[in-house]
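Enquirer: Sharing a structure with you now.
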Amino acid sequence: MPHDLIRRGLKIAHLRLFAELSSKNRLSEAADAIRIAQPAASRLIAEAENLAGTKLYVRSGRGIELTPAGQQLAYRSVRILQEISDAGRDIEHHISGQSGHVSIGSVTGPAIEYILPAIRHIRLSYPDISISVEVAPSRVLAPMLQDGRLDFSLSRVPVDEDPATFEEHPLLQEPACLVARIGHPLTRSEPPISADSLLSFDWVLPPVGAPIRTTAEQALREKGLSLPTRILTTSSFLFTLATIQKTNAVGPVARSVARSFAAQPNETQGSIVILPSDLDLSVETYSFLTRKGQVLTPVAEIVAREVKRAVSGDATENVSLPKI
């Protein structure tokens with residue numbers, strides 16, 4: 001017999017409690033989060049177990065731990081509550097017209113190359129839409145997308161995440177290049193600058209496993225070279241840029257990012273230069289990502305459409321963009 005929990009009496013209060021228990025292992029903390037007393041939370045758990053017909057948690061030295069069935073209920077509770085929240089936003093946006101807030105996630109390259117131009121256009125055409133942009137590695141953006149803190153992202157599904165939890169529409173590869181400070185000794189070399197010459201200097205790289213670091217390491221291996229011996233590791237693009245500007249270190253960045261900060265002919269002088277090296281750097285394809293089964297709110301659709309339009313300007317004919 002199917003477990004129709006709604007007909008059996010599962011309520012929003014049960015969902016709210018289990019959504020909190022997905023990230024908390026103390027019942028008192030979950031109860032505080034939804035502003036009920038701990039005895040009331042205990043009753044809700046007991047009711048949910050009775051409705052489900054199975055044990056949903058066990059006590060442990062750290063508080064409580066959800067059983068596999070409890071984890072499934074908690075996971076679904078987070079998603080159901082997010083959909084209900086989105087429904088409320090839909091109604092609000094329908095009443096107010098083309099206004100509301102949209103949260104976007106992106107890895108660095110597409111953020112500068114496509115999201116920034118899209119936002120410029122939205123500011124003119126839809127002045128009542130507010131937008132927040134989280135620029136971070138894909139491993140940071142994925143959980144934010146899963147729990148509803150982001151409406152969509154231009155990023156990749158991390159290797160340790162289940163791809164089935166996302167709707168993934170591959171977009172473009174992310175060209176990369178090596179950069180250095182203005183006046184760097186390598187700028188006096190004849191192009192293309194050899195990889196051997198690059199290895200004579202410190203490198204600034206993101207943590208192991210980051211796509212752009214993996215790309216740089218693979219490019220060096222393909223030339224039969226060892227990895228750099230002097231590496232400064234940082235996940236901060238701002239710190240990467242500052243280090244490159246103030247030292248003789250070199251580092252790989254997305255080409256769109258490099259162009260934004262590099263010196264350009266007949267333009268204001270930039271703060272870095274692109275090194276024309278013999279390393280072919282192109283980071284794996286990034287995608288337009290949403291949660292599996294998610295329906296974008298009306299204002300999120302507007303913003304996603306503008307981002308899609310910005311991307312399609314550079315997209316090749318064989319790139320399949322999401323229909324929005």
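We name chains A, B, ... following the order of the structure tokens; residues begin at 1 in each chain, and ligands are numbered from 1 as shown.
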Show which residues sit within 12 Å of Asp160 in chain A, as a PyMOL selection string. Count only C-alpha atoms, and ignore same-chain residues fewer than 5 positions away.
Expert: chain A and resi 138-140+142-143+165+209
Enquirer: Quick one: pick out all strand (DSSP E) residues within range 139-205 of chain A from a backbone DSSP run and write them as number ranges by chain.
Expert: A: 152-155, 166-170, 174-181, 203-205
Enquirer: For a quick check of understanding, using only C-alpha atoms, which of A:Arg291, A:Arg123, A:Arg43, A:Arg221 has the smallest distance to Pro163 in chain A?
Expert: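 Of A:Arg291, A:Arg123, A:Arg43, A:Arg221, the one nearest Pro163 in chain A is A:Arg291, counting only C-alpha atoms.
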Enquirer: Skipping near chain neighbours, those fewer than 6 positions away, what residues fall within 6 Å of range 197-205 of chain A using only C-alpha atoms, listed as a list of chain:residue names?
Expert: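 Near neighbours after the sequence-gap exclusion: A:Pro228, A:Arg230, A:Ile231, A:Leu232, A:Thr233, A:Ala249, A:Val250, A:Gly251.
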Enquirer: Could those selected residues go to a file with N, CA and C atoms, as a compact mmCIF listing (two decimals), in the first residue's frame?
Expert:
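Everything below was put into selection.txt:
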```txt
# COMPACT_ATOMS: atom_id res chain seq x y z
N PRO A 228 54.49 22.77 -10.98
CA PRO A 228 55.30 23.83 -10.37
C PRO A 228 55.77 23.41 -8.97
N ARG A 230 56.89 25.65 -6.68
CA ARG A 230 56.54 26.71 -5.72
C ARG A 230 55.13 27.18 -6.04
N ILE A 231 54.18 26.75 -5.21
CA ILE A 231 52.76 27.05 -5.45
C ILE A 231 52.16 27.73 -4.23
N LEU A 232 51.48 28.83 -4.46
CA LEU A 232 50.64 29.45 -3.45
C LEU A 232 49.21 29.04 -3.76
N THR A 233 48.56 28.38 -2.82
CA THR A 233 47.20 27.90 -3.03
C THR A 233 46.21 28.81 -2.33
N ALA A 249 54.85 36.15 -9.39
CA ALA A 249 54.09 34.91 -9.55
C ALA A 249 53.22 34.99 -10.81
N VAL A 250 52.94 33.84 -11.38
CA VAL A 250 52.03 33.73 -12.51
C VAL A 250 50.88 32.82 -12.10
N GLY A 251 49.80 32.88 -12.84
CA GLY A 251 48.68 32.02 -12.49
C GLY A 251 47.68 31.92 -13.63
```
Enquirer: Residues within 10 Å of range 52-66 of chain A, please, as a tab-separated table (two decimals) with N, CA and C atoms, in the first residue's frame. Count only C-alpha atoms; anything in the same chain fewer than 4 positions from it doesn't count.
Expert:
```
chain	number	residue	atom	x	y	z
A	3	HIS	N	2.53	4.81	0.65
A	3	HIS	CA	2.57	5.66	1.82
A	3	HIS	C	2.12	7.07	1.43
A	4	ASP	N	0.81	7.32	1.41
A	4	ASP	CA	0.30	8.65	1.12
A	4	ASP	C	0.29	9.44	2.41
A	5	LEU	N	1.42	10.07	2.70
A	5	LEU	CA	1.60	10.71	4.00
A	5	LEU	C	0.67	11.90	4.21
A	8	ARG	N	-2.62	10.61	5.25
A	8	ARG	CA	-2.52	10.05	6.60
A	8	ARG	C	-2.44	11.13	7.67
A	10	LEU	N	0.16	13.99	7.44
A	10	LEU	CA	1.41	14.75	7.51
A	10	LEU	C	1.13	16.22	7.27
A	18	PHE	N	11.50	18.44	10.14
A	18	PHE	CA	12.46	17.55	9.50
A	18	PHE	C	13.40	18.30	8.55
A	21	LEU	N	16.01	19.36	10.85
A	21	LEU	CA	16.82	18.22	11.29
A	21	LEU	C	17.77	17.72	10.20
A	22	SER	N	17.57	18.17	8.97
A	22	SER	CA	18.49	17.79	7.90
A	22	SER	C	19.87	18.39	8.12
A	24	LYS	N	20.71	19.81	11.47
A	24	LYS	CA	20.94	19.93	12.93
A	24	LYS	C	20.80	18.56	13.57
A	25	ASN	N	21.65	18.27	14.55
A	25	ASN	CA	21.56	16.96	15.22
A	25	ASN	C	21.06	17.07	16.66
A	26	ARG	N	20.57	18.23	17.01
A	26	ARG	CA	19.96	18.40	18.33
A	26	ARG	C	18.52	18.85	18.15
A	27	LEU	N	17.62	18.12	18.79
A	27	LEU	CA	16.21	18.43	18.65
A	27	LEU	C	15.89	19.82	19.18
A	28	SER	N	16.59	20.23	20.25
A	28	SER	CA	16.33	21.55	20.82
A	28	SER	C	16.65	22.66	19.82
A	45	ILE	N	7.78	14.51	15.99
A	45	ILE	CA	8.56	13.36	15.50
A	45	ILE	C	7.79	12.07	15.71
A	46	ALA	N	7.18	11.93	16.89
A	46	ALA	CA	6.42	10.71	17.18
A	46	ALA	C	5.25	10.57	16.21
A	47	GLU	N	4.59	11.68	15.91
A	47	GLU	CA	3.48	11.64	14.95
A	47	GLU	C	3.97	11.23	13.57
A	48	ALA	N	5.11	11.79	13.15
A	48	ALA	CA	5.65	11.48	11.83
A	48	ALA	C	6.03	10.01	11.73
A	70	GLY	N	14.38	8.62	7.76
A	70	GLY	CA	14.30	9.98	8.26
A	70	GLY	C	15.07	10.95	7.38
A	71	GLN	N	16.22	10.50	6.86
A	71	GLN	CA	17.00	11.35	5.96
A	71	GLN	C	16.24	11.63	4.67
A	72	GLN	N	15.54	10.61	4.16
A	72	GLN	CA	14.74	10.82	2.95
A	72	GLN	C	13.62	11.82	3.20
A	73	LEU	N	12.95	11.69	4.36
A	73	LEU	CA	11.88	12.63	4.68
A	73	LEU	C	12.43	14.04	4.84
A	74	ALA	N	13.59	14.15	5.48
A	74	ALA	CA	14.20	15.47	5.67
A	74	ALA	C	14.58	16.09	4.33
```
Enquirer: Calculate how many Å separate CA of Asp196 in chain A from CA of Arg255 in chain A, rounding to one decimal.
Expert: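 Distance reported for this atom pair: 21.3 Å.
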Enquirer: Could you list, as JSON, numbers by chain, every residue within 6 Å of Gly109 in chain A, counting only C-alpha atoms and ignoring same-chain residues fewer than 2 positions away?
Expert: {"A": [107, 111, 112, 254, 256, 257]}
Enquirer: Take the residues from that selection and write them out as a CSV table (one decimal), in the first residue's frame, keeping C-alpha atoms.
Expert:
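Everything below was put into again_2.csv:
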```csv
chain,number,residue,atom,x,y,z
A,107,VAL,CA,31.9,30.5,-11.4
A,111,ALA,CA,30.0,35.8,-14.1
A,112,ILE,CA,32.1,38.5,-15.8
A,254,ALA,CA,39.5,32.4,-17.1
A,256,SER,CA,37.2,36.5,-19.9
A,257,VAL,CA,38.5,37.5,-16.4
```
Enquirer: Find the spatial neighbours of Thr108 in chain A, counting only C-alpha atoms, within a cut-off of 10 Å - ignore same-chain residues fewer than 5 positions away - and output them as a compact mmCIF listing (two decimals) with C-alpha atoms, in the first residue's frame.
Expert:
```txt
# COMPACT_ATOMS: atom_id res chain seq x y z
CA GLU A 113 31.53 37.38 -19.42
CA ILE A 115 26.01 37.62 -16.09
CA GLU A 134 27.29 34.57 -5.65
CA VAL A 135 30.61 34.07 -7.44
CA ALA A 136 32.30 30.95 -6.11
CA PRO A 137 33.63 27.52 -7.11
CA SER A 138 31.06 24.94 -8.20
CA LEU A 154 26.29 28.87 -14.30
CA SER A 155 28.62 26.25 -12.90
CA GLU A 174 35.72 28.22 -20.36
CA PHE A 237 40.28 35.32 -6.79
CA VAL A 253 42.57 32.46 -14.84
CA ALA A 254 39.55 32.42 -17.12
CA SER A 256 37.24 36.54 -19.86
CA VAL A 257 38.50 37.52 -16.41
```
Enquirer: Distance CA of Val283 in chain A-CA of Arg156 in chain A, one decimal place?
Expert: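 Going from CA of Val283 in chain A over to CA of Arg156 in chain A covers 10.7 Å.
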Enquirer: Could you give me, as number ranges by chain, the residues within 12 Å of Asp90 in chain A, counting only C-alpha atoms and dropping anything in the same chain fewer than 6 positions from it?
Expert: A: 83-84, 96-102, 295-301
Enquirer: Store the residues of this selection in a file with N, CA and C atoms, as an mmCIF file, in the first residue's frame.
Expert:
```cif
data_model
loop_
_atom_site.group_PDB
_atom_site.id
_atom_site.type_symbol
_atom_site.label_atom_id
_atom_site.label_comp_id
_atom_site.auth_asym_id
_atom_site.auth_seq_id
_atom_site.Cartn_x
_atom_site.Cartn_y
_atom_site.Cartn_z
ATOM 1 N N GLU A 83 9.643 24.683 -2.602
ATOM 2 C CA GLU A 83 8.654 24.854 -3.661
ATOM 3 C C GLU A 83 7.476 25.692 -3.173
ATOM 4 N N ILE A 84 7.056 25.478 -1.926
ATOM 5 C CA ILE A 84 5.969 26.285 -1.375
ATOM 6 C C ILE A 84 6.397 27.748 -1.280
ATOM 7 N N SER A 96 2.561 41.939 -8.079
ATOM 8 C CA SER A 96 3.360 43.166 -8.184
ATOM 9 C C SER A 96 3.859 43.442 -9.594
ATOM 10 N N GLY A 97 3.713 42.444 -10.499
ATOM 11 C CA GLY A 97 4.211 42.633 -11.858
ATOM 12 C C GLY A 97 5.654 42.157 -11.962
ATOM 13 N N GLN A 98 6.434 42.792 -12.812
ATOM 14 C CA GLN A 98 7.807 42.354 -13.070
ATOM 15 C C GLN A 98 8.743 42.934 -12.012
ATOM 16 N N SER A 99 8.619 42.397 -10.826
ATOM 17 C CA SER A 99 9.465 42.843 -9.729
ATOM 18 C C SER A 99 9.744 41.658 -8.824
ATOM 19 N N GLY A 100 10.767 41.767 -8.006
ATOM 20 C CA GLY A 100 11.129 40.692 -7.097
ATOM 21 C C GLY A 100 12.627 40.520 -7.045
ATOM 22 N N HIS A 101 13.062 39.481 -6.338
ATOM 23 C CA HIS A 101 14.494 39.239 -6.146
ATOM 24 C C HIS A 101 14.895 37.908 -6.752
ATOM 25 N N VAL A 102 16.069 37.881 -7.372
ATOM 26 C CA VAL A 102 16.610 36.670 -7.985
ATOM 27 C C VAL A 102 18.041 36.478 -7.503
ATOM 28 N N VAL A 295 10.771 24.713 -10.779
ATOM 29 C CA VAL A 295 10.134 25.636 -11.723
ATOM 30 C C VAL A 295 10.572 27.047 -11.347
ATOM 31 N N LEU A 296 11.218 27.734 -12.267
ATOM 32 C CA LEU A 296 11.689 29.083 -11.976
ATOM 33 C C LEU A 296 10.517 30.028 -11.749
ATOM 34 N N THR A 297 10.691 30.953 -10.825
ATOM 35 C CA THR A 297 9.679 31.980 -10.603
ATOM 36 C C THR A 297 9.639 32.910 -11.815
ATOM 37 N N PRO A 298 8.583 33.675 -11.987
ATOM 38 C CA PRO A 298 8.500 34.566 -13.154
ATOM 39 C C PRO A 298 9.684 35.513 -13.292
ATOM 40 N N VAL A 299 10.114 36.145 -12.191
ATOM 41 C CA VAL A 299 11.240 37.074 -12.332
ATOM 42 C C VAL A 299 12.542 36.321 -12.571
ATOM 43 N N ALA A 300 12.678 35.111 -11.997
ATOM 44 C CA ALA A 300 13.875 34.310 -12.272
ATOM 45 C C ALA A 300 13.919 33.912 -13.741
ATOM 46 N N GLU A 301 12.744 33.655 -14.336
ATOM 47 C CA GLU A 301 12.689 33.347 -15.766
ATOM 48 C C GLU A 301 13.170 34.531 -16.597
#
```
Enquirer: Quick one: pull the distance between CA of Val273 in chain A and CA of Ser153 in chain A, Å, one decimal.
Expert: 29.0 Å
Enquirer: Rank A:Thr240, A:Thr187, A:Ser312, A:Thr215 by their smallest atom-to-atom distance to Ser277 in chain A, using only C-alpha atoms, and report the top residue only.
Expert: A:Thr187
Enquirer: Going by DSSP on the backbone, which bits of range 23-229 of chain A are alpha helix (DSSP H)? Write them as a VMD selection string, please.
Expert: chain A and resid 27 to 33 38 to 52 68 to 96 108 to 110 116 to 125 138 to 146 195 to 198 211 to 222
Enquirer: Which residue is closest to Leu15 in chain A? Choose from A:Ser132, A:Ala33, A:Gln38, A:Arg79 and count only C-alpha atoms.
Expert: A:Arg79
Enquirer: Kindly indicate which residue among A:Leu241, A:Pro175, A:Ser282, A:Ser271 lies nearest to Ala219 in chain A, using only C-alpha atoms for the distances.
Expert: A:Ser282
